[in-house]
file entry.tsv (TSV, C-alpha atoms (C1' of nucleotides))
chain	number	residue	atom	x	y	z
A	356	MET	CA	89.53	130.34	100.47
A	357	PRO	CA	91.40	127.18	99.59
A	358	GLY	CA	90.86	124.05	101.68
A	359	PHE	CA	93.25	121.95	103.71
A	360	LYS	CA	95.75	120.05	101.62
A	361	GLY	CA	99.05	118.23	101.84
A	362	GLN	CA	100.34	115.77	104.39
A	363	ALA	CA	102.89	115.64	107.18
A	364	THR	CA	104.32	113.08	109.57
A	365	TYR	CA	104.48	114.52	113.07
A	366	SER	CA	105.29	113.14	116.45
A	367	VAL	CA	102.86	112.77	119.32
A	368	ASP	CA	104.43	113.78	122.60
A	369	GLY	CA	103.94	112.25	126.02
A	370	LYS	CA	101.04	114.57	126.75
A	371	GLY	CA	99.14	113.58	123.62
A	372	ARG	CA	99.88	116.80	121.82
A	373	ILE	CA	100.15	116.95	118.03
A	374	ALA	CA	101.33	119.98	116.07
A	375	ILE	CA	99.11	121.21	113.27
A	376	PRO	CA	101.32	121.98	110.25
A	377	SER	CA	101.57	125.73	109.86
A	378	ARG	CA	100.62	125.35	106.22
A	379	MET	CA	97.30	123.98	107.36
A	380	ARG	CA	96.87	126.44	110.19
A	381	THR	CA	97.04	129.31	107.74
A	382	CYS	CA	94.08	127.80	105.86
A	383	MET	CA	91.82	128.41	108.84
A	384	SER	CA	89.52	131.40	108.72
A	385	PRO	CA	89.61	133.88	111.60
A	386	GLU	CA	86.07	132.80	112.48
A	387	ALA	CA	87.50	129.51	113.70
A	388	HIS	CA	89.14	131.43	116.56
A	389	ASN	CA	92.09	129.07	116.62
A	390	THR	CA	89.73	126.37	117.72
A	391	LEU	CA	89.29	122.88	116.31
A	392	VAL	CA	86.90	120.05	117.00
A	393	ALA	CA	88.38	116.57	116.99
A	394	THR	CA	86.21	113.49	116.76
A	395	ARG	CA	86.10	109.91	115.60
A	396	GLY	CA	86.29	109.73	111.84
A	397	PHE	CA	85.56	107.04	109.34
A	398	GLU	CA	88.11	104.34	108.48
A	399	ARG	CA	89.49	104.58	112.01
A	400	CYS	CA	91.20	107.92	111.82
A	401	ILE	CA	90.56	111.16	113.68
A	402	PHE	CA	88.68	113.97	111.95
A	403	VAL	CA	89.57	117.50	112.96
A	404	TYR	CA	87.28	120.35	111.91
A	405	PRO	CA	87.90	124.05	112.24
A	406	LEU	CA	85.26	125.48	114.55
A	407	ASP	CA	83.37	127.30	111.81
A	408	GLY	CA	83.18	124.18	109.69
A	409	TRP	CA	82.02	122.16	112.67
A	410	MET	CA	79.25	124.65	113.34
A	411	GLU	CA	77.84	124.02	109.89
A	412	ILE	CA	77.69	120.33	110.60
A	413	GLU	CA	76.03	120.92	113.94
A	414	GLU	CA	73.40	122.95	112.17
A	415	GLN	CA	72.67	120.01	109.89
A	416	ILE	CA	72.48	117.78	112.93
A	417	SER	CA	70.08	120.04	114.73
A	418	ALA	CA	67.81	119.93	111.73
A	419	LEU	CA	67.35	116.20	112.25
A	420	ASN	CA	64.23	114.86	113.89
A	421	PRO	CA	64.83	114.18	117.61
A	422	TYR	CA	61.71	111.99	117.71
A	423	SER	CA	63.14	109.57	115.20
A	424	HIS	CA	64.87	106.60	116.81
A	425	LYS	CA	67.33	106.37	113.97
A	426	HIS	CA	68.20	110.03	114.06
A	427	ARG	CA	68.75	109.97	117.81
A	428	ALA	CA	71.07	107.02	117.42
A	429	PHE	CA	73.09	108.83	114.81
A	430	ILE	CA	73.30	112.04	116.81
A	431	ARG	CA	74.52	110.21	119.92
A	432	ARG	CA	77.26	108.44	118.04
A	433	PHE	CA	78.25	111.57	116.29
A	434	MET	CA	78.43	113.94	119.24
A	435	ARG	CA	79.81	111.47	121.73
A	436	TRP	CA	83.45	111.70	120.75
A	437	ALA	CA	83.64	115.31	119.73
A	438	ASP	CA	86.19	117.36	121.63
A	439	GLU	CA	86.73	121.10	121.24
A	440	VAL	CA	90.38	122.08	121.53
A	441	THR	CA	92.31	125.30	121.07
A	442	ILE	CA	95.64	125.59	119.32
A	443	ASP	CA	98.42	126.48	121.77
A	444	ALA	CA	101.15	129.07	121.27
A	445	LYS	CA	103.28	126.51	119.45
A	446	GLY	CA	100.54	125.42	117.06
A	447	ARG	CA	99.64	122.16	118.82
A	448	ILE	CA	96.39	120.61	119.97
A	449	PRO	CA	95.98	118.09	122.80
A	450	LEU	CA	94.10	114.94	121.88
A	451	GLN	CA	92.38	112.68	124.37
A	452	ARG	CA	93.63	109.15	124.87
A	453	PRO	CA	90.39	107.52	123.71
A	454	LEU	CA	90.64	109.25	120.37
A	455	LEU	CA	94.27	108.31	119.91
A	456	GLU	CA	93.50	104.73	120.88
A	457	TYR	CA	90.61	104.59	118.42
A	458	ALA	CA	92.98	105.60	115.65
A	459	GLY	CA	95.76	103.37	116.94
A	460	ILE	CA	98.16	106.30	117.22
A	461	GLU	CA	101.14	106.08	119.53
A	462	LYS	CA	104.31	108.04	118.92
A	463	THR	CA	103.86	109.07	115.30
A	464	SER	CA	100.95	110.45	113.32
A	465	LEU	CA	100.18	111.20	109.71
A	466	ILE	CA	98.24	114.39	109.16
A	467	LEU	CA	96.26	114.74	105.94
A	468	GLY	CA	94.63	117.87	104.61
A	469	ASN	CA	91.20	116.86	103.34
A	470	GLN	CA	89.68	120.13	102.16
A	471	LYS	CA	87.13	120.94	104.83
A	472	TYR	CA	88.85	119.07	107.63
A	473	LEU	CA	92.04	117.38	108.70
A	474	GLU	CA	92.58	113.69	109.23
A	475	ILE	CA	95.04	112.23	111.70
A	476	TRP	CA	96.13	108.65	111.09
A	477	ASP	CA	98.49	106.08	112.41
A	478	PRO	CA	100.94	105.99	109.47
A	479	GLN	CA	100.91	102.20	109.25
A	480	ARG	CA	97.14	102.04	109.31
A	481	PHE	CA	96.94	104.55	106.47
A	482	ASP	CA	99.28	102.44	104.35
A	483	ASP	CA	97.10	99.44	105.01
A	484	TYR	CA	94.04	101.43	104.05
A	485	LEU	CA	95.54	102.50	100.74
A	486	GLU	CA	96.51	98.96	99.98
A	487	ALA	CA	93.12	97.55	100.88
A	488	GLU	CA	91.35	99.91	98.51
A	489	GLU	CA	90.43	97.96	95.48
A	490	ALA	CA	90.60	100.66	92.81
A	491	ASP	CA	93.75	102.51	91.89
A	492	TYR	CA	93.83	106.27	91.80
A	493	GLU	CA	93.26	106.83	88.12
A	494	THR	CA	90.30	104.47	87.98
A	495	LEU	CA	88.84	106.11	91.05
A	496	ALA	CA	89.31	109.57	89.59
A	497	ALA	CA	87.56	108.63	86.39
A	498	GLU	CA	84.69	107.10	88.35
A	499	VAL	CA	84.20	109.90	90.82
A	500	MET	CA	84.86	112.93	88.71
A	501	GLY	CA	82.82	111.64	85.78
A	502	SER	CA	83.43	112.48	82.17
B	112	MET	CA	94.26	135.21	78.40
B	113	PRO	CA	96.63	132.79	76.63
B	114	GLY	CA	97.70	129.60	78.37
B	115	PHE	CA	101.12	128.44	79.48
B	116	LYS	CA	103.37	127.39	76.65
B	117	GLY	CA	107.00	126.74	75.78
B	118	GLN	CA	109.67	124.95	77.72
B	119	ALA	CA	112.81	125.71	79.72
B	120	THR	CA	115.58	123.80	81.45
B	121	TYR	CA	116.25	125.25	84.88
B	122	SER	CA	118.36	124.26	87.81
B	123	VAL	CA	117.07	123.12	91.18
B	124	ASP	CA	119.09	124.59	94.03
B	125	GLY	CA	120.07	123.01	97.31
B	126	LYS	CA	116.90	124.27	98.96
B	127	GLY	CA	114.62	122.70	96.37
B	128	ARG	CA	113.80	125.97	94.67
B	129	ILE	CA	112.94	126.16	90.96
B	130	ALA	CA	112.51	129.38	89.03
B	131	ILE	CA	109.34	129.81	87.00
B	132	PRO	CA	110.27	131.24	83.59
B	133	SER	CA	109.21	134.87	83.46
B	134	ARG	CA	107.46	134.20	80.18
B	135	MET	CA	105.18	131.79	82.02
B	136	ARG	CA	104.82	133.99	85.07
B	137	THR	CA	103.35	136.74	82.93
B	138	CYS	CA	100.62	134.31	81.83
B	139	MET	CA	99.23	134.19	85.33
B	140	SER	CA	96.19	136.28	86.11
B	141	PRO	CA	96.29	138.66	89.07
B	142	GLU	CA	93.67	136.50	90.78
B	143	ALA	CA	96.35	133.86	91.28
B	144	HIS	CA	98.03	136.22	93.77
B	145	ASN	CA	101.46	134.97	92.76
B	146	THR	CA	100.49	131.63	94.21
B	147	LEU	CA	100.78	128.20	92.65
B	148	VAL	CA	99.68	124.74	93.73
B	149	ALA	CA	102.10	121.92	93.00
B	150	THR	CA	101.01	118.30	93.13
B	151	ARG	CA	101.68	114.84	91.74
B	152	GLY	CA	100.83	114.63	88.09
B	153	PHE	CA	100.42	111.72	85.73
B	154	GLU	CA	103.43	110.00	84.10
B	155	ARG	CA	105.55	110.87	87.12
B	156	CYS	CA	105.94	114.58	86.66
B	157	ILE	CA	104.82	117.47	88.84
B	158	PHE	CA	101.73	119.49	87.90
B	159	VAL	CA	101.72	123.14	88.90
B	160	TYR	CA	98.46	125.09	88.78
B	161	PRO	CA	97.98	128.81	89.24
B	162	LEU	CA	95.82	129.32	92.32
B	163	ASP	CA	92.75	130.47	90.40
B	164	GLY	CA	92.87	127.41	88.18
B	165	TRP	CA	93.33	125.16	91.17
B	166	MET	CA	90.33	126.68	92.92
B	167	GLU	CA	88.09	125.58	90.07
B	168	ILE	CA	89.20	122.04	90.65
B	169	GLU	CA	88.71	122.31	94.39
B	170	GLU	CA	85.18	123.52	93.82
B	171	GLN	CA	84.41	120.32	91.96
B	172	ILE	CA	85.92	118.38	94.82
B	173	SER	CA	83.88	120.15	97.44
B	174	ALA	CA	80.72	119.21	95.58
B	175	LEU	CA	81.41	115.55	96.33
B	176	ASN	CA	79.64	113.73	99.14
B	177	PRO	CA	81.95	113.36	102.16
B	178	TYR	CA	79.76	110.57	103.54
B	179	SER	CA	80.50	108.37	100.55
B	180	HIS	CA	83.31	105.89	101.12
B	181	LYS	CA	84.43	106.11	97.53
B	182	HIS	CA	84.43	109.86	97.42
B	183	ARG	CA	86.47	110.08	100.59
B	184	ALA	CA	89.04	107.74	99.10
B	185	PHE	CA	89.36	109.93	96.07
B	186	ILE	CA	89.62	113.21	97.97
B	187	ARG	CA	92.33	111.78	100.22
B	188	ARG	CA	94.44	110.71	97.30
B	189	PHE	CA	93.88	113.93	95.49
B	190	MET	CA	94.61	116.45	98.23
B	191	ARG	CA	97.41	114.50	99.82
B	192	TRP	CA	100.23	115.70	97.61
B	193	ALA	CA	99.01	119.21	96.90
B	194	ASP	CA	101.22	122.00	98.16
B	195	GLU	CA	100.41	125.70	97.96
B	196	VAL	CA	103.47	127.84	97.30
B	197	THR	CA	104.05	131.51	96.64
B	198	ILE	CA	106.50	132.86	94.10
B	199	ASP	CA	109.40	134.62	95.81
B	200	ALA	CA	110.93	137.96	94.87
B	201	LYS	CA	113.17	136.23	92.35
B	202	GLY	CA	110.37	134.29	90.65
B	203	ARG	CA	111.08	130.94	92.28
B	204	ILE	CA	108.93	128.41	94.12
B	205	PRO	CA	110.14	125.93	96.74
B	206	LEU	CA	109.16	122.32	96.08
B	207	GLN	CA	109.02	119.67	98.77
B	208	ARG	CA	111.39	116.73	98.66
B	209	PRO	CA	108.62	114.13	98.30
B	210	LEU	CA	107.39	115.77	95.12
B	211	LEU	CA	110.88	116.08	93.66
B	212	GLU	CA	111.57	112.45	94.51
B	213	TYR	CA	108.31	111.35	92.92
B	214	ALA	CA	109.36	113.05	89.70
B	215	GLY	CA	112.97	111.87	90.04
B	216	ILE	CA	114.28	115.44	89.89
B	217	GLU	CA	117.68	116.25	91.33
B	218	LYS	CA	119.75	119.15	90.04
B	219	THR	CA	118.01	119.93	86.77
B	220	SER	CA	114.40	120.24	85.73
B	221	LEU	CA	112.47	120.62	82.52
B	222	ILE	CA	109.53	123.00	82.72
B	223	LEU	CA	106.74	122.64	80.19
B	224	GLY	CA	103.89	125.04	79.63
B	225	ASN	CA	100.71	123.02	79.22
B	226	GLN	CA	97.87	125.52	78.82
B	227	LYS	CA	96.16	125.61	82.20
B	228	TYR	CA	99.12	124.31	84.17
B	229	LEU	CA	102.85	123.74	84.14
B	230	GLU	CA	104.62	120.43	84.19
B	231	ILE	CA	108.00	119.92	85.80
B	232	TRP	CA	109.98	116.88	84.68
B	233	ASP	CA	113.31	115.28	85.20
B	234	PRO	CA	114.80	115.93	81.71
B	235	GLN	CA	115.98	112.35	81.32
B	236	ARG	CA	112.65	110.93	82.30
B	237	PHE	CA	110.88	113.12	79.79
B	238	ASP	CA	113.16	111.86	77.03
B	239	ASP	CA	112.40	108.30	78.06
B	240	TYR	CA	108.71	109.09	78.03
B	241	LEU	CA	108.89	110.46	74.50
B	242	GLU	CA	110.81	107.44	73.35
B	243	ALA	CA	108.36	105.03	74.94
B	244	GLU	CA	105.50	106.81	73.26
B	245	GLU	CA	107.31	106.43	69.97
B	246	ALA	CA	107.56	102.69	70.51
B	247	ASP	CA	103.90	102.50	71.33
B	248	TYR	CA	103.13	104.40	68.20
B	249	GLU	CA	105.03	101.92	66.03
B	250	THR	CA	103.38	98.98	67.71
B	251	LEU	CA	100.04	100.57	67.21
B	252	ALA	CA	100.79	101.29	63.58
B	253	ALA	CA	101.82	97.70	62.92
B	254	GLU	CA	98.73	96.46	64.67
B	255	VAL	CA	96.32	98.71	62.89
B	256	MET	CA	97.91	98.84	59.48
B	257	GLY	CA	99.49	95.40	59.21
B	258	SER	CA	97.52	93.02	57.06
C	1242	DC	C1'	90.16	120.99	153.05
C	1243	DA	C1'	94.15	118.58	151.35
C	1244	DC	C1'	96.23	115.95	147.89
C	1245	DA	C1'	97.12	113.68	143.59
C	1246	DA	C1'	96.43	113.83	138.83
C	1247	DT	C1'	95.71	116.19	134.99
C	1248	DT	C1'	95.72	120.14	132.14
C	1249	DT	C1'	97.39	124.62	130.82
C	1250	DC	C1'	100.89	127.91	130.25
C	1251	DC	C1'	105.56	129.12	129.52
C	1252	DC	C1'	110.48	128.66	128.23
C	1253	DA	C1'	114.42	126.46	125.63
C	1254	DC	C1'	116.44	124.48	121.59
C	1255	DA	C1'	117.42	122.55	117.01
C	1256	DA	C1'	115.95	122.41	112.42
C	1257	DT	C1'	113.80	124.28	108.80
C	1258	DT	C1'	111.87	127.81	106.10
C	1259	DT	C1'	111.55	132.51	104.69
C	1260	DC	C1'	113.47	136.81	103.59
C	1261	DC	C1'	117.01	139.52	101.79
C	1262	DC	C1'	121.24	140.71	99.31
C	1263	DA	C1'	124.98	139.86	95.80
C	1264	DC	C1'	126.28	138.76	91.21
C	1265	DA	C1'	126.70	137.18	86.49
C	1266	DA	C1'	124.17	136.63	82.26
C	1267	DT	C1'	120.76	138.05	79.40
C	1268	DT	C1'	117.34	141.13	77.48
C	1269	DT	C1'	115.50	145.69	76.70
C	1270	DT	C1'	115.96	150.58	76.15
C	1271	DT	C1'	118.37	154.72	74.82
D	645	DA	C1'	126.85	149.98	70.99
D	646	DA	C1'	126.47	151.46	75.66
D	647	DA	C1'	123.49	151.85	79.52
D	648	DA	C1'	119.77	150.23	82.11
D	649	DA	C1'	116.71	146.92	83.54
D	650	DT	C1'	115.47	142.15	84.08
D	651	DT	C1'	116.42	137.29	84.85
D	652	DG	C1'	118.34	133.08	86.77
D	653	DT	C1'	121.49	131.37	90.54
D	654	DG	C1'	123.52	131.11	94.94
D	655	DG	C1'	124.11	131.88	99.77
D	656	DG	C1'	123.81	134.21	104.49
D	657	DA	C1'	120.84	136.18	108.11
D	658	DA	C1'	116.59	136.37	110.34
D	659	DA	C1'	112.28	134.54	111.49
D	660	DT	C1'	109.33	130.64	111.99
D	661	DT	C1'	108.36	125.88	113.05
D	662	DG	C1'	108.34	121.44	115.42
D	663	DT	C1'	109.75	119.14	119.76
D	664	DG	C1'	110.48	118.53	124.54
D	665	DG	C1'	110.02	119.49	129.31
D	666	DG	C1'	109.26	122.21	133.70
D	667	DA	C1'	106.27	125.12	136.53
D	668	DA	C1'	101.84	126.98	137.57
D	669	DA	C1'	96.91	126.51	137.49
D	670	DT	C1'	92.89	123.60	137.42
D	671	DT	C1'	90.33	119.58	138.27
D	672	DG	C1'	88.46	115.60	140.60
D	673	DT	C1'	88.66	112.58	144.74
D	674	DG	C1'	88.87	111.16	149.49
call {"tool": "encode", "arguments": {"input": "entry.tsv", "output": "structure tokens"}}
result
Amino acid sequence: MPGFKGQATYSVDGKGRIAIPSRMRTCMSPEAHNTLVATRGFERCIFVYPLDGWMEIEEQISALNPYSHKHRAFIRRFMRWADEVTIDAKGRIPLQRPLLEYAGIEKTSLILGNQKYLEIWDPQRFDDYLEAEEADYETLAAEVMGS
Amino acid sequence: MPGFKGQATYSVDGKGRIAIPSRMRTCMSPEAHNTLVATRGFERCIFVYPLDGWMEIEEQISALNPYSHKHRAFIRRFMRWADEVTIDAKGRIPLQRPLLEYAGIEKTSLILGNQKYLEIWDPQRFDDYLEAEEADYETLAAEVMGS
DNA sequence: CACAATTTCCCACAATTTCCCACAATTTTT
DNA sequence: AAAAATTGTGGGAAATTGTGGGAAATTGTG
């Protein structure tokens, strides 16, 4: 099963709804039950996991030690913003204001397929992010993918 | 199973469709399910992988650590332009405008078989590329061989 | 319990994509 | 060489997709 890929620029309507590109919807396994979990991501974007992928992460989380101060702190931050949403008949999901505000999204959003999950960005912020990255793509590729 | 080889000059129709030469189509294994993945390639052409070949690459990607800043940066850049397409009844694939623009392709395209994947070029740009390489070669020769 | 605010569900519409058919040119078969 | 099949090209019809907004259901609050 191939992962999420590609990008799209979609509008955010007055009710905070964003369409999930059909190309990405078809990548979801039936076990996800048309359900996604949106949460705060890194680099100030929104991460959106299909339910089955999210469950795997939760399993990792539940393996952590609840008596460790550090682990508790991580779990709180991680679970706090997670929001389970179902895809409506038109392929959209509603996102809560706090999440949109965190990502600085207003009327337009950039949706990126990122293999196991989706990312939703404010288009301008994503441009800034790309620019701020020190290494260019080819250098990065060589570094990450090794020889 | 032999790799992709040969070249062909094909037209791009108003809907962004390009035919895959039948000679190259027959090189695809059944596991590709008549599906290809097109993405940005190096030197400003489009790379097109058969699905099974692409999956091998994705497997490498999924082995990366999503909690590493650097790895995330790479995955984003890599998956961003990828587009999964299926070959239609007439042996064509639809390519998105952004990809065609990246490669500078308008009405005509040059398709090159390159073993594990195909390359799609703007014919003029490919000529320029060859010529530039030639220049580099002469410079290199003068540098290395000149007393 | 009532009422306001939010969320969910449903319908409408334009734009795009997908599917299907026609046709000329080429290749393969007879 | 003729007939048949395949290939590349184009375009129309049908289905899907993305967008918006209204009505019904749900929720929280006084």
call {"tool": "atom_distance", "arguments": {"input": "entry.tsv", "atom1": "CA of Ala214 in chain B", "atom2": "CA of Ile186 in chain B"}}
result
21.4 Å
call {"tool": "residues_around", "arguments": {"input": "entry.tsv", "residues": "DA648 in chain D", "least_positions_apart": "4", "cutoff": "10 Å", "atoms": "all atoms listed in the file", "output": "VMD selection string"}}
result
chain C and resid 1269 to 1271
call {"tool": "write_last_selection", "arguments": {"input": "entry.tsv", "atoms": "C-alpha atoms (C1' of nucleotides)", "output": "short mmCIF file (atom, residue, chain, number, x, y, z; two decimals), in the frame of the given file"}}
result
data_model
loop_
_atom_site.label_atom_id
_atom_site.label_comp_id
_atom_site.auth_asym_id
_atom_site.auth_seq_id
_atom_site.Cartn_x
_atom_site.Cartn_y
_atom_site.Cartn_z
"C1'" DT C 1269 115.50 145.69 76.70
"C1'" DT C 1270 115.96 150.58 76.15
"C1'" DT C 1271 118.37 154.72 74.82
#
call {"tool": "interface_residues", "arguments": {"input": "entry.tsv", "of": "chain D", "to": "chain A", "cutoff": "12 Å", "atoms": "only C-alpha atoms (C1' of nucleotides)", "output": "list in words"}}
result
DT660, DT661, DG662, DT663, DG664 and DG665 of chain D
call {"tool": "closest_atom_pairs", "arguments": {"input": "entry.tsv", "of": "chain C", "to": "chain B", "cutoff": "12 Å", "atoms": "only C-alpha atoms (C1' of nucleotides)", "output": "CSV"}}
result
residue,atom,partner,partner_atom,distance
C:DT1257,C1',B:Lys126,CA,10.3
C:DT1258,C1',B:Lys126,CA,9.4
C:DT1259,C1',B:Asp199,CA,9.4
C:DC1260,C1',B:Asp199,CA,9.0
C:DC1261,C1',B:Ala200,CA,9.3
C:DC1262,C1',B:Ala200,CA,11.6
C:DT1268,C1',B:Ser133,CA,11.9
call {"tool": "interface_residues", "arguments": {"input": "entry.tsv", "of": "chain B", "to": "chain A", "cutoff": "7 Å", "atoms": "all atoms listed in the file", "output": "list of chain:residue names"}}
result
B:Met166, B:His182, B:Phe185, B:Ile186, B:Arg187, B:Met190, B:Arg191, B:Trp192, B:Ala193, B:Asp194
